[in-house]
Structures are given as C-alpha cells and as structure tokens.
$ cat model.pdb   # PDB, C-alpha atoms
ATOM      1  CA  MET A 250      17.896   5.267   2.729
ATOM      2  CA  ILE A 251      17.377   8.731   4.206
ATOM      3  CA  SER A 252      13.719   9.731   4.368
ATOM      4  CA  PHE A 253      12.282  13.132   3.525
ATOM      5  CA  LEU A 254       8.832  11.575   3.077
ATOM      6  CA  ASN A 255       7.138  13.164   6.082
ATOM      7  CA  ASP A 256       7.575  14.538   9.610
ATOM      8  CA  TYR A 257       6.261  11.499  11.493
ATOM      9  CA  SER A 258       8.686   8.770  10.413
ATOM     10  CA  GLU A 259      10.536   8.851  13.732
ATOM     11  CA  GLY A 260       9.181   7.923  17.158
ATOM     12  CA  ALA A 261       9.263  10.702  19.729
ATOM     13  CA  HIS A 262      11.660  13.229  21.168
ATOM     14  CA  PRO A 263      13.821  11.764  23.991
ATOM     15  CA  ARG A 264      12.318  14.116  26.591
ATOM     16  CA  VAL A 265       8.857  12.820  25.704
ATOM     17  CA  LEU A 266      10.044   9.234  26.027
ATOM     18  CA  GLU A 267      11.807   9.969  29.304
ATOM     19  CA  MET A 268       8.642  11.426  30.817
ATOM     20  CA  LEU A 269       6.594   8.479  29.560
ATOM     21  CA  ALA A 270       9.133   6.054  31.067
ATOM     22  CA  ARG A 271       9.116   7.833  34.450
ATOM     23  CA  ALA A 272       5.331   7.669  34.581
ATOM     24  CA  ASN A 273       5.069   4.124  33.226
ATOM     25  CA  PHE A 274       4.123   2.422  36.507
ATOM     26  CA  GLU A 275       1.889   5.195  37.797
ATOM     27  CA  GLN A 276      -1.788   4.368  38.113
ATOM     28  CA  ASN A 277      -3.521   7.155  36.235
ATOM     29  CA  ALA A 278      -7.175   7.986  35.750
ATOM     30  CA  GLY A 279      -8.448   7.176  32.272
ATOM     31  CA  TYR A 280      -9.939   9.143  29.403
ATOM     32  CA  GLY A 281      -7.855  12.269  29.906
ATOM     33  CA  GLU A 282      -8.914  12.832  33.525
ATOM     34  CA  ASP A 283      -5.377  12.279  34.848
ATOM     35  CA  VAL A 284      -3.051  14.794  36.470
ATOM     36  CA  HIS A 285      -0.670  14.836  33.501
ATOM     37  CA  SER A 286      -3.409  15.810  31.058
ATOM     38  CA  GLN A 287      -4.633  18.520  33.411
ATOM     39  CA  ARG A 288      -1.098  19.840  33.825
ATOM     40  CA  ALA A 289      -0.550  19.792  30.053
ATOM     41  CA  LYS A 290      -3.765  21.755  29.541
ATOM     42  CA  GLU A 291      -2.586  24.394  31.996
ATOM     43  CA  TYR A 292       0.741  24.713  30.184
ATOM     44  CA  ILE A 293      -1.045  25.114  26.840
ATOM     45  CA  LYS A 294      -3.452  27.682  28.258
ATOM     46  CA  LYS A 295      -0.484  29.641  29.567
ATOM     47  CA  SER A 296       1.148  29.523  26.124
ATOM     48  CA  ILE A 297      -2.098  30.746  24.534
ATOM     49  CA  GLY A 298      -2.573  33.382  27.230
ATOM     50  CA  ARG A 299      -6.178  32.401  27.983
ATOM     51  CA  ASN A 300      -7.912  30.320  30.632
ATOM     52  CA  ASP A 301     -11.349  30.318  29.000
ATOM     53  CA  VAL A 302     -10.605  27.699  26.335
ATOM     54  CA  ASP A 303     -11.431  23.989  26.509
ATOM     55  CA  ILE A 304      -8.683  21.543  25.543
ATOM     56  CA  HIS A 305      -9.138  17.911  24.518
ATOM     57  CA  PHE A 306      -6.470  15.411  23.459
ATOM     58  CA  ILE A 307      -7.372  13.340  20.387
ATOM     59  CA  PRO A 308      -5.141  10.585  18.930
ATOM     60  CA  GLY A 309      -4.774  11.786  15.324
ATOM     61  CA  GLY A 310      -5.405  14.584  12.854
ATOM     62  CA  THR A 311      -8.015  12.872  10.699
ATOM     63  CA  GLN A 312      -9.961  11.875  13.827
ATOM     64  CA  THR A 313      -9.758  15.450  15.085
ATOM     65  CA  ASN A 314     -11.039  16.874  11.796
ATOM     66  CA  LEU A 315     -13.841  14.313  11.670
ATOM     67  CA  VAL A 316     -14.940  14.869  15.276
ATOM     68  CA  VAL A 317     -14.921  18.661  15.002
ATOM     69  CA  ILE A 318     -16.694  18.969  11.667
ATOM     70  CA  SER A 319     -19.314  16.275  12.288
ATOM     71  CA  SER A 320     -20.041  17.611  15.791
ATOM     72  CA  PHE A 321     -20.540  21.255  14.951
ATOM     73  CA  LEU A 322     -22.454  20.997  11.663
ATOM     74  CA  ARG A 323     -26.128  20.167  11.250
ATOM     75  CA  PRO A 324     -27.118  17.578   8.578
ATOM     76  CA  HIS A 325     -27.657  20.154   5.802
ATOM     77  CA  HIS A 326     -24.408  22.043   6.470
ATOM     78  CA  CYS A 327     -21.187  21.859   4.458
ATOM     79  CA  VAL A 328     -17.592  22.867   5.132
ATOM     80  CA  ILE A 329     -15.470  25.048   2.829
ATOM     81  CA  SER A 330     -11.903  23.930   2.087
ATOM     82  CA  ALA A 331      -9.085  24.828  -0.276
ATOM     83  CA  GLU A 332      -8.638  22.369  -3.140
ATOM     84  CA  THR A 333      -5.459  21.147  -1.447
ATOM     85  CA  GLY A 334      -7.135  20.799   1.963
ATOM     86  CA  HIS A 335      -6.427  17.619   3.899
ATOM     87  CA  ILE A 336     -10.120  16.919   4.495
ATOM     88  CA  TYR A 337     -10.747  17.133   0.742
ATOM     89  CA  VAL A 338      -7.745  15.219  -0.605
ATOM     90  CA  HIS A 339      -6.213  12.892   1.974
ATOM     91  CA  GLU A 340      -8.873  11.632   4.374
ATOM     92  CA  THR A 341     -10.625   8.992   2.264
ATOM     93  CA  GLY A 342     -13.924  10.859   2.303
ATOM     94  CA  ALA A 343     -14.068  10.808   6.124
ATOM     95  CA  ILE A 344     -16.058  14.034   6.290
ATOM     96  CA  GLU A 345     -18.425  13.029   3.477
ATOM     97  CA  ALA A 346     -18.975   9.697   5.241
ATOM     98  CA  THR A 347     -20.523  11.624   8.133
ATOM     99  CA  GLY A 348     -23.014  13.203   5.715
ATOM    100  CA  HIS A 349     -21.333  16.573   5.279
ATOM    101  CA  LYS A 350     -20.166  17.796   1.896
ATOM    102  CA  VAL A 351     -16.724  19.367   1.506
ATOM    103  CA  VAL A 352     -17.073  22.309  -0.890
ATOM    104  CA  VAL A 353     -13.898  23.540  -2.546
ATOM    105  CA  ALA A 354     -12.994  27.215  -2.824
ATOM    106  CA  ALA A 355     -10.162  28.531  -4.962
ATOM    107  CA  GLY A 356      -6.891  28.827  -3.098
ATOM    108  CA  GLU A 357      -3.679  30.761  -3.622
ATOM    109  CA  GLN A 358      -0.610  28.636  -2.878
ATOM    110  CA  GLY A 359      -2.748  26.408  -0.667
ATOM    111  CA  LYS A 360      -4.428  29.297   1.185
ATOM    112  CA  LEU A 361      -8.058  30.363   1.092
ATOM    113  CA  THR A 362      -8.969  34.012   0.581
ATOM    114  CA  PRO A 363     -11.976  35.995   1.856
ATOM    115  CA  GLU A 364     -13.073  36.479  -1.757
ATOM    116  CA  SER A 365     -13.038  32.763  -2.569
ATOM    117  CA  ILE A 366     -14.956  31.966   0.629
ATOM    118  CA  GLN A 367     -17.555  34.635  -0.109
ATOM    119  CA  ALA A 368     -17.980  33.309  -3.644
ATOM    120  CA  VAL A 369     -18.909  29.871  -2.273
ATOM    121  CA  ILE A 370     -21.334  31.424   0.211
ATOM    122  CA  ASP A 371     -22.994  33.512  -2.500
ATOM    123  CA  TYR A 372     -23.333  30.538  -4.846
ATOM    124  CA  HIS A 373     -25.136  28.410  -2.253
ATOM    125  CA  SER A 374     -28.179  30.620  -2.271
ATOM    126  CA  ASP A 375     -31.188  28.522  -1.235
ATOM    127  CA  GLU A 376     -32.483  25.367   0.440
ATOM    128  CA  HIS A 377     -31.911  23.244  -2.666
ATOM    129  CA  MET A 378     -28.185  23.295  -1.930
ATOM    130  CA  VAL A 379     -26.055  22.510   1.096
ATOM    131  CA  LEU A 380     -25.540  25.495   3.383
ATOM    132  CA  PRO A 381     -21.953  26.608   4.139
ATOM    133  CA  LYS A 382     -21.449  26.756   7.904
ATOM    134  CA  MET A 383     -17.723  26.206   8.464
ATOM    135  CA  VAL A 384     -14.419  27.216   6.910
ATOM    136  CA  TYR A 385     -11.514  24.776   7.228
ATOM    137  CA  LEU A 386      -7.925  26.088   7.071
ATOM    138  CA  SER A 387      -4.537  24.444   7.589
ATOM    139  CA  ASN A 388      -1.554  26.301   9.035
ATOM    140  CA  SER A 389       0.895  25.516   7.683
ATOM    141  CA  THR A 390      -0.975  24.496   4.539
ATOM    142  CA  GLU A 391      -0.495  21.322   2.537
ATOM    143  CA  LEU A 392       1.903  23.331   0.355
ATOM    144  CA  GLY A 393       3.926  24.521   3.331
ATOM    145  CA  THR A 394       2.676  28.115   3.187
ATOM    146  CA  VAL A 395       1.405  30.081   6.188
ATOM    147  CA  TYR A 396      -1.359  32.559   6.911
ATOM    148  CA  THR A 397      -0.359  36.019   8.070
ATOM    149  CA  LYS A 398      -2.242  37.836  10.825
ATOM    150  CA  LYS A 399      -3.765  40.135   8.193
ATOM    151  CA  GLU A 400      -4.955  37.180   6.100
ATOM    152  CA  LEU A 401      -6.400  35.270   9.050
ATOM    153  CA  THR A 402      -8.117  38.419  10.340
ATOM    154  CA  ALA A 403      -9.753  38.982   6.952
ATOM    155  CA  ILE A 404     -11.027  35.390   6.878
ATOM    156  CA  HIS A 405     -12.244  35.782  10.472
ATOM    157  CA  GLU A 406     -14.247  38.823   9.381
ATOM    158  CA  VAL A 407     -15.926  37.092   6.428
ATOM    159  CA  CYS A 408     -16.843  34.144   8.676
ATOM    160  CA  LYS A 409     -18.234  36.465  11.336
ATOM    161  CA  LYS A 410     -20.229  38.418   8.741
ATOM    162  CA  ASN A 411     -21.802  35.233   7.354
ATOM    163  CA  GLY A 412     -22.226  33.268  10.587
ATOM    164  CA  LEU A 413     -19.661  30.560   9.752
ATOM    165  CA  PHE A 414     -17.471  28.655  12.185
ATOM    166  CA  LEU A 415     -13.725  28.987  11.529
ATOM    167  CA  PHE A 416     -11.674  25.830  12.138
ATOM    168  CA  LEU A 417      -7.888  25.703  11.827
ATOM    169  CA  ASP A 418      -6.052  22.414  11.337
ATOM    170  CA  GLY A 419      -2.751  22.793  13.184
ATOM    171  CA  ALA A 420      -1.132  19.455  12.400
ATOM    172  CA  ARG A 421       2.011  21.424  11.463
ATOM    173  CA  LEU A 422       1.335  24.467  13.633
ATOM    174  CA  ALA A 423       4.773  24.297  15.293
ATOM    175  CA  SER A 424       6.462  24.765  11.928
ATOM    176  CA  ALA A 425       4.048  27.547  10.959
ATOM    177  CA  LEU A 426       4.571  29.523  14.172
ATOM    178  CA  THR A 427       8.369  29.320  14.072
ATOM    179  CA  CYS A 428       9.011  30.135  10.405
ATOM    180  CA  LYS A 429      10.473  33.493   9.392
ATOM    181  CA  GLU A 430       7.318  34.567   7.528
ATOM    182  CA  ASN A 431       5.057  34.087  10.554
ATOM    183  CA  ASP A 432       3.593  36.982  12.541
ATOM    184  CA  LEU A 433       0.925  35.021  14.446
ATOM    185  CA  THR A 434       0.954  33.780  18.042
ATOM    186  CA  LEU A 435      -1.142  31.067  19.661
ATOM    187  CA  GLY A 436      -3.055  33.897  21.325
ATOM    188  CA  ASP A 437      -3.812  35.511  17.971
ATOM    189  CA  ILE A 438      -5.106  32.219  16.600
ATOM    190  CA  ALA A 439      -7.331  31.637  19.645
ATOM    191  CA  ARG A 440      -8.782  35.117  19.160
ATOM    192  CA  LEU A 441      -9.418  34.767  15.439
ATOM    193  CA  VAL A 442     -10.753  31.192  15.100
ATOM    194  CA  ASP A 443     -13.501  29.247  16.855
ATOM    195  CA  VAL A 444     -11.608  25.979  17.168
ATOM    196  CA  PHE A 445      -8.103  24.802  16.274
ATOM    197  CA  TYR A 446      -5.655  22.103  17.178
ATOM    198  CA  ILE A 447      -2.002  21.932  18.093
ATOM    199  CA  GLY A 448      -0.345  19.028  16.315
ATOM    200  CA  GLY A 449       1.826  16.662  18.304
ATOM    201  CA  THR A 450       2.068  13.706  15.911
ATOM    202  CA  LYS A 451       4.191  15.716  13.451
ATOM    203  CA  ASN A 452       6.239  17.524  16.070
ATOM    204  CA  GLY A 453       7.937  15.176  18.487
ATOM    205  CA  ALA A 454       5.072  13.210  20.045
ATOM    206  CA  LEU A 455       4.362   9.525  19.480
ATOM    207  CA  LEU A 456       0.781  10.493  18.749
ATOM    208  CA  GLY A 457      -1.818  13.051  19.669
ATOM    209  CA  GLU A 458      -3.311  16.442  18.851
ATOM    210  CA  ALA A 459      -4.442  19.074  21.357
ATOM    211  CA  LEU A 460      -7.842  20.401  20.282
ATOM    212  CA  VAL A 461      -8.594  23.920  21.539
ATOM    213  CA  ILE A 462     -12.221  25.108  21.573
ATOM    214  CA  CYS A 463     -12.435  28.882  21.859
ATOM    215  CA  ARG A 464     -16.107  29.538  21.125
ATOM    216  CA  GLU A 465     -18.309  29.107  24.170
ATOM    217  CA  GLU A 466     -21.339  27.591  22.426
ATOM    218  CA  LEU A 467     -19.224  24.746  21.013
ATOM    219  CA  LYS A 468     -17.897  23.495  24.351
ATOM    220  CA  GLU A 469     -20.996  21.887  25.829
ATOM    221  CA  GLU A 470     -21.007  18.062  26.044
ATOM    222  CA  PHE A 471     -18.092  17.774  23.640
ATOM    223  CA  ARG A 472     -16.594  14.795  25.495
ATOM    224  CA  TYR A 473     -19.761  12.849  24.645
ATOM    225  CA  LEU A 474     -19.130  13.550  20.971
ATOM    226  CA  ILE A 475     -15.479  12.499  21.180
ATOM    227  CA  LYS A 476     -16.509   9.222  22.822
ATOM    228  CA  GLN A 477     -19.313   8.541  20.345
ATOM    229  CA  ARG A 478     -16.840   8.860  17.467
ATOM    230  CA  GLY A 479     -14.315   6.493  19.017
ATOM    231  CA  ALA A 480     -11.681   9.116  19.788
ATOM    232  CA  LEU A 481     -11.784   9.205  23.615
ATOM    233  CA  LEU A 482      -8.650   7.202  24.375
ATOM    234  CA  ALA A 483      -8.833   5.050  27.517
ATOM    235  CA  LYS A 484      -5.137   5.671  28.180
ATOM    236  CA  GLY A 485      -5.563   9.391  27.613
ATOM    237  CA  PHE A 486      -2.700  10.031  29.996
ATOM    238  CA  VAL A 487      -0.329   8.794  27.265
ATOM    239  CA  MET A 488      -1.168  11.922  25.276
ATOM    240  CA  GLY A 489      -1.309  14.123  28.371
ATOM    241  CA  ILE A 490       2.225  13.159  29.394
ATOM    242  CA  GLN A 491       3.542  13.919  25.922
ATOM    243  CA  PHE A 492       1.985  17.383  25.750
ATOM    244  CA  GLU A 493       3.186  18.003  29.281
ATOM    245  CA  ALA A 494       6.720  17.322  28.047
ATOM    246  CA  LEU A 495       6.274  19.473  24.944
ATOM    247  CA  PHE A 496       4.757  22.499  26.702
ATOM    248  CA  GLN A 497       6.347  22.617  30.145
ATOM    249  CA  ASP A 498       9.068  24.680  28.480
ATOM    250  CA  ASN A 499       9.724  25.762  24.882
ATOM    251  CA  LEU A 500      10.375  22.257  23.510
ATOM    252  CA  TYR A 501       7.336  22.313  21.209
ATOM    253  CA  PHE A 502       8.529  25.470  19.487
ATOM    254  CA  GLU A 503      12.188  24.420  19.503
ATOM    255  CA  LEU A 504      11.302  21.271  17.548
ATOM    256  CA  GLY A 505       9.288  23.216  14.987
ATOM    257  CA  LYS A 506      12.140  25.668  14.573
ATOM    258  CA  HIS A 507      14.641  22.847  14.054
ATOM    259  CA  ALA A 508      12.516  21.307  11.288
ATOM    260  CA  ASN A 509      12.340  24.701   9.579
ATOM    261  CA  GLU A 510      16.085  25.245   9.876
ATOM    262  CA  MET A 511      16.817  21.905   8.221
ATOM    263  CA  ALA A 512      14.358  22.736   5.435
ATOM    264  CA  GLU A 513      15.974  26.124   4.983
ATOM    265  CA  LYS A 514      19.376  24.466   4.518
ATOM    266  CA  LEU A 515      17.890  22.127   1.909
ATOM    267  CA  ALA A 516      16.304  25.096   0.129
ATOM    268  CA  VAL A 517      19.651  26.914  -0.053
ATOM    269  CA  ILE A 518      21.319  23.787  -1.474
ATOM    270  CA  LEU A 519      18.621  23.437  -4.141
ATOM    271  CA  LYS A 520      18.783  27.137  -5.065
ATOM    272  CA  ASN A 521      22.574  27.008  -5.305
ATOM    273  CA  CYS A 522      22.203  24.100  -7.724
ATOM    274  CA  GLY A 523      19.945  26.262  -9.889
ATOM    275  CA  TYR A 524      16.561  24.732  -9.085
ATOM    276  CA  SER A 525      13.302  26.656  -8.657
ATOM    277  CA  PHE A 526      10.262  25.871  -6.501
ATOM    278  CA  TYR A 527       6.600  25.072  -7.122
ATOM    279  CA  VAL A 528       5.769  27.381  -4.190
ATOM    280  CA  PRO A 529       8.264  29.587  -2.321
ATOM    281  CA  PRO A 530      10.004  27.741   0.573
ATOM    282  CA  CYS A 531       8.512  28.753   3.888
ATOM    283  CA  THR A 532       8.230  25.971   6.475
ATOM    284  CA  ASN A 533       9.370  22.330   6.707
ATOM    285  CA  GLN A 534       7.731  21.234   3.440
ATOM    286  CA  LEU A 535       9.668  22.030   0.265
ATOM    287  CA  PHE A 536       8.454  21.624  -3.318
ATOM    288  CA  PRO A 537      11.425  21.946  -5.673
ATOM    289  CA  ILE A 538      11.041  21.461  -9.429
ATOM    290  CA  LEU A 539      13.584  18.912 -10.642
ATOM    291  CA  PRO A 540      14.359  17.177 -13.923
ATOM    292  CA  VAL A 541      12.815  13.722 -14.177
ATOM    293  CA  LYS A 542      16.256  12.128 -14.536
ATOM    294  CA  THR A 543      17.462  13.861 -11.369
ATOM    295  CA  VAL A 544      14.382  12.662  -9.468
ATOM    296  CA  ASP A 545      14.965   9.084 -10.599
ATOM    297  CA  LYS A 546      18.560   9.178  -9.367
ATOM    298  CA  LEU A 547      17.693  10.831  -6.043
ATOM    299  CA  LEU A 548      15.051   8.168  -5.373
ATOM    300  CA  GLN A 549      17.821   5.571  -5.341
ATOM    301  CA  GLU A 550      19.205   7.107  -2.125
ATOM    302  CA  PHE A 551      16.408   9.199  -0.604
ATOM    303  CA  LYS A 552      12.711   8.758   0.100
ATOM    304  CA  PHE A 553      10.310  11.549  -0.902
ATOM    305  CA  TYR A 554       7.064  12.052  -2.787
ATOM    306  CA  VAL A 555       6.663  13.151  -6.373
ATOM    307  CA  GLN A 556       3.996  15.836  -6.027
ATOM    308  CA  ASN A 557       3.012  16.333  -9.648
ATOM    309  CA  GLU A 558       4.285  16.559 -13.208
ATOM    310  CA  VAL A 559       5.189  20.116 -14.200
ATOM    311  CA  ASP A 560       5.950  19.256 -17.819
ATOM    312  CA  GLU A 561       7.352  16.334 -19.800
ATOM    313  CA  ARG A 562      10.810  16.771 -18.334
ATOM    314  CA  HIS A 563      10.176  18.068 -14.817
ATOM    315  CA  TYR A 564       8.495  16.990 -11.597
ATOM    316  CA  ALA A 565       7.575  19.000  -8.534
ATOM    317  CA  VAL A 566       8.594  16.841  -5.568
ATOM    318  CA  ARG A 567       7.939  17.171  -1.848
ATOM    319  CA  LEU A 568      10.759  17.081   0.685
ATOM    320  CA  VAL A 569       9.754  17.186   4.363
ATOM    321  CA  THR A 570      12.071  17.742   7.318
ATOM    322  CA  SER A 571      11.199  16.978  10.931
ATOM    323  CA  TRP A 572      12.212  17.616  14.527
ATOM    324  CA  ALA A 573      14.587  14.645  14.116
ATOM    325  CA  THR A 574      16.195  15.518  10.759
ATOM    326  CA  THR A 575      19.957  15.668  11.196
ATOM    327  CA  ARG A 576      22.489  17.976   9.582
ATOM    328  CA  GLU A 577      24.263  14.800   8.432
ATOM    329  CA  SER A 578      21.189  13.801   6.382
ATOM    330  CA  VAL A 579      21.083  17.250   4.808
ATOM    331  CA  ASP A 580      24.810  17.104   4.024
ATOM    332  CA  LYS A 581      24.390  13.703   2.328
ATOM    333  CA  PHE A 582      21.600  15.117   0.197
ATOM    334  CA  GLN A 583      23.850  18.029  -0.772
ATOM    335  CA  ASP A 584      26.788  15.778  -1.652
ATOM    336  CA  PHE A 585      24.625  13.478  -3.740
ATOM    337  CA  LEU A 586      22.889  16.333  -5.595
ATOM    338  CA  GLU A 587      26.119  18.189  -6.325
ATOM    339  CA  ASN A 588      27.765  15.025  -7.645
ATOM    340  CA  LEU A 589      25.000  14.151 -10.088
TER
END
$ encode --input "model.pdb" --output "structure tokens"
Amino acid sequence: MISFLNDYSEGAHPRVLEMLARANFEQNAGYGEDVHSQRAKEYIKKSIGRNDVDIHFIPGGTQTNLVVISSFLRPHHCVISAETGHIYVHETGAIEATGHKVVVAAGEQGKLTPESIQAVIDYHSDEHMVLPKMVYLSNSTELGTVYTKKELTAIHEVCKKNGLFLFLDGARLASALTCKENDLTLGDIARLVDVFYIGGTKNGALLGEALVICREELKEEFRYLIKQRGALLAKGFVMGIQFEALFQDNLYFELGKHANEMAEKLAVILKNCGYSFYVPPCTNQLFPILPVKTVDKLLQEFKFYVQNEVDERHYAVRLVTSWATTRESVDKFQDFLENL
C-alpha cells in the first residue's frame, strides 16, 4: 500500500545516509561537541543570516517542545496554544506533566491571532489563575496553513507588549518556507520569535530538530536543561552530520519544495474530480472532503488518516506528502480515484 499517512515514514535522504556512512568509523566527541555539529551550526547560522543565535540539536519534536517550555516558564506560568496545537492535542499531556498548563486560544485555520492571544491574557487577570508567559505557534500548522510576515509580526508585537516569550514549532518549517503562500525567511523568523526549531525528522533526516535560541536571556546554561530532561544525545554527532548534509547546500529547502510540489499535484487531481477542502491547500498536508464510500475504497489501496466527520456522508481526511513521495505514487492515486 502507498502511504500518505505522514512525512516521516521513510528513512533519510541518500545524501544524509552517504555522509553518515563516510563518517561511520570516525571517533567523534559526544553530546554535540563534535566537528560535524559545529559545522552544521555554522551552516544554519549562515542560512539565518545571524551569528548571535545558539543552536542545539534535540532528537525529536515532542522532546524539543517539552524542553523549551518547561525550561523557560516558572511554576505558575502557562503557555498559549491554538486548539489544534501539537502540544495540546498530540503530546500525551507532556507539557502538563511538567506542571505547566496549556491554555487554548481560538484559532483561524490552525493559526493564532493577536486578538485571540490578547483575550487569553486579559482573562487571566490575577494570582488565582495561571499567568500566560509564552505563545506557542506551529509553522506550518497542524492544518497545513502558514503564517505570513504580517501575521507573525502582529503576534510578535502582542507578545512584546505583554512580556510573553514567542516559541515557534518548526517541525514542518521546510514545507512552510518553500510553499507559494510564504513570504518569510529564516532571518525573519529569528527576528520575530524568541526561540524556534528547524525540523529534520519530517524533512529528510533520520531524526533530529535544530533548536535556535534567539533571545539572549534564554541561552544561559541551556545544555544543563537539555541533559536534565534526557534529551542530550550521547551520539550527538549523528544529528550534527545529518544537519550538515541538509544545510551545506540547499538540500533542506529542496526537500521541502518537493513535498509541496507532490501535494500540489494531489490537490489538482482532487479539484479536477470535483472535491473541496476542509482548509485551502497550502503545504504538504492536504485535507480534502470526500464521501464516506470513497474514503472506504481508497483505504483499500492507500494509507491516510480520517481527520473528522463533516456530515453523515462526508469525511475530511488528511493526505501528507514527503521529501520521498514519488510522482508514481501520485499517479497511482489519480488513476484509482478517477476509476472509482
């Protein structure tokens, strides 16, 4: 069966594997102190256009979210998230388990707005309630939408006005930055948020996320906090080598662009067959609305998630393309759908 379940079903891009194989018998320093990790950090800093950021490699997205939020918030602080936010829906209460409440603000197609953030801040008015101290965003969002520079700037301003940290989850940042609707750069993001990460797991790496700390006061002793939370990988060079491969040229962005192009082809096929979408197609996550009978038949040949029930006869489903999705897989989906 062909899988459109997610963008981490495959292993790693061949160039990543080749670099790992070449370095396999090297004796590297541990815990991210190796030459490959340092080189990867320099490549990323060059791509951002800043040398004054700290970069740490962390094995996975949930670990990264947990380490960041639990490290930067005091015990009485909470974090604001959209109702679709990964930390609220799909991390098994990891943030709450550290003692910090995730407070939901109304979103629009998976995106927070300055107004919804301010409403949460205004509601939490005294010491009998948790105090909002951080805003959590995803780009792209869990619905595949992206923040524009204008939108992110407005959220930056409301956070600055209220003294909140702004944290951007970039698990699918490659797809966000290479989609047609995007007008942000890595440099823009580093200027507008306090901390963000560049996802490798979902864009051609075996594992790993590159956490970028932009705000000076958050940098101190952060490696202690990573270690304390079990996320300081002994073989840190495994992640360093992978990000070295992804950022020594434009491979990271090429892979994100490929995933988007495959999703765009799927979107055209679905539109030509007369189907609409739960949210407008934008990046590598698509949410078409399909008849229940069509979904049942497609599931015989393809793997994907049923997102939610739209009505008695229709489901919104999620189709995800990746750096490794082939045109052949897309063509088979088209043939099967058109022949139903």
$ closest_residue --input "model.pdb" --among "A:Glu510, A:Glu466, A:Glu345, A:Glu458" --to "Phe492 (chain A)" --atoms "only C-alpha atoms"
A:Glu458
$ resolve_selection --input "model.pdb" --expression "the PyMOL selection byres ((chain A and resi 303-313) around 6)" --output "PyMOL selection string"
chain A and resi 302+314-316+456-462
$ atom_distance --input "model.pdb" --atom1 "CA of Ala454 (chain A)" --atom2 "CA of Leu266 (chain A)"
8.7 Å
$ atom_distance --input "model.pdb" --atom1 "CA of Arg323 (chain A)" --atom2 "CA of Ile366 (chain A)"
19.4 Å
$ closest_residue --input "model.pdb" --among "A:Phe416, A:Glu493, A:Gly356, A:Glu267" --to "Val284 (chain A)" --atoms "only C-alpha atoms"
A:Glu493
$ resolve_selection --input "model.pdb" --expression "the PyMOL selection byres ((chain A and resi 406-412) around 9)" --output "PyMOL selection string"
chain A and resi 363-364+366-367+370+382-384+401-405+413-415+441
$ resolve_selection --input "model.pdb" --expression "the PyMOL selection byres ((chain A and resi 529) around 10)" --output "ChimeraX atom specification"
/A:358,392-394,516,525-528,530-532,535-537
$ residues_near_point --input "model.pdb" --point "(14.5, 16.9, -9.6)" --cutoff "10 Å" --atoms "all atoms listed in the file" --output "ChimeraX atom specification"
/A:519,524-525,536-548,555,562-566,586
$ atom_distance --input "model.pdb" --atom1 "CA of Lys514 (chain A)" --atom2 "CA of Tyr501 (chain A)"
20.7 Å
$ closest_residue --input "model.pdb" --among "A:Phe496, A:Trp572, A:Tyr446, A:Phe551" --to "Phe585 (chain A)" --atoms "all atoms listed in the file"
A:Phe551
$ residues_around --input "model.pdb" --residues "Asn452 (chain A)" --least-positions-apart "6" --cutoff "7 Å" --atoms "all atoms listed in the file" --output "number ranges by chain"
A: 423, 504-505, 572
$ closest_residue --input "model.pdb" --among "A:Leu482, A:Val353, A:Ile251, A:Leu500" --to "Tyr372 (chain A)" --atoms "all atoms listed in the file"
A:Val353
$ residues_around --input "model.pdb" --residues "Cys327 (chain A)" --least-positions-apart "5" --cutoff "10 Å" --atoms "all atoms listed in the file" --output "PyMOL selection string"
chain A and resi 318-319+322+344-345+348-352+378-384
$ closest_residue --input "model.pdb" --among "A:Ser286, A:Thr450, A:Gln491, A:Gln534" --to "Ala270 (chain A)" --atoms "only C-alpha atoms"
A:Gln491
$ closest_residue --input "model.pdb" --among "A:Lys506, A:Arg299, A:Lys468, A:Lys399" --to "Gly436 (chain A)" --atoms "only C-alpha atoms"
A:Arg299
$ residues_around --input "model.pdb" --residues "Pro263 (chain A)" --least-positions-apart "5" --cutoff "10 Å" --atoms "all atoms listed in the file" --output "PDB file with C-alpha atoms, in the coordinates of the input"
ATOM      1  CA  MET A 268       8.642  11.426  30.817  1.00  0.00           C
ATOM      2  CA  LEU A 269       6.594   8.479  29.560  1.00  0.00           C
ATOM      3  CA  GLY A 453       7.937  15.176  18.487  1.00  0.00           C
ATOM      4  CA  ALA A 454       5.072  13.210  20.045  1.00  0.00           C
ATOM      5  CA  ALA A 494       6.720  17.322  28.047  1.00  0.00           C
TER       6      ALA A 494
END
$ residues_around --input "model.pdb" --residues "Asp432 (chain A)" --least-positions-apart "5" --cutoff "8 Å" --atoms "all atoms listed in the file" --output "MDAnalysis selection string"
chainID A and resid 397:398 426
$ residues_around --input "model.pdb" --residues "Ala420 (chain A)" --least-positions-apart "4" --cutoff "7 Å" --atoms "only C-alpha atoms" --output "JSON, numbers by chain"
{"A": [310, 447, 448, 451]}
$ write_last_selection --input "model.pdb" --atoms "C-alpha atoms" --output "PDB file, in the coordinates of the input"
ATOM      1  CA  GLY A 310      -5.405  14.584  12.854  1.00  0.00           C
ATOM      2  CA  ILE A 447      -2.002  21.932  18.093  1.00  0.00           C
ATOM      3  CA  GLY A 448      -0.345  19.028  16.315  1.00  0.00           C
ATOM      4  CA  LYS A 451       4.191  15.716  13.451  1.00  0.00           C
TER       5      LYS A 451
END
$ residues_near_point --input "model.pdb" --point "(7.1, 28.5, 28.0)" --cutoff "8 Å" --atoms "only C-alpha atoms" --output "list in words"
Tyr292, Lys295, Ser296, Phe496, Gln497, Asp498 and Asn499 of chain A
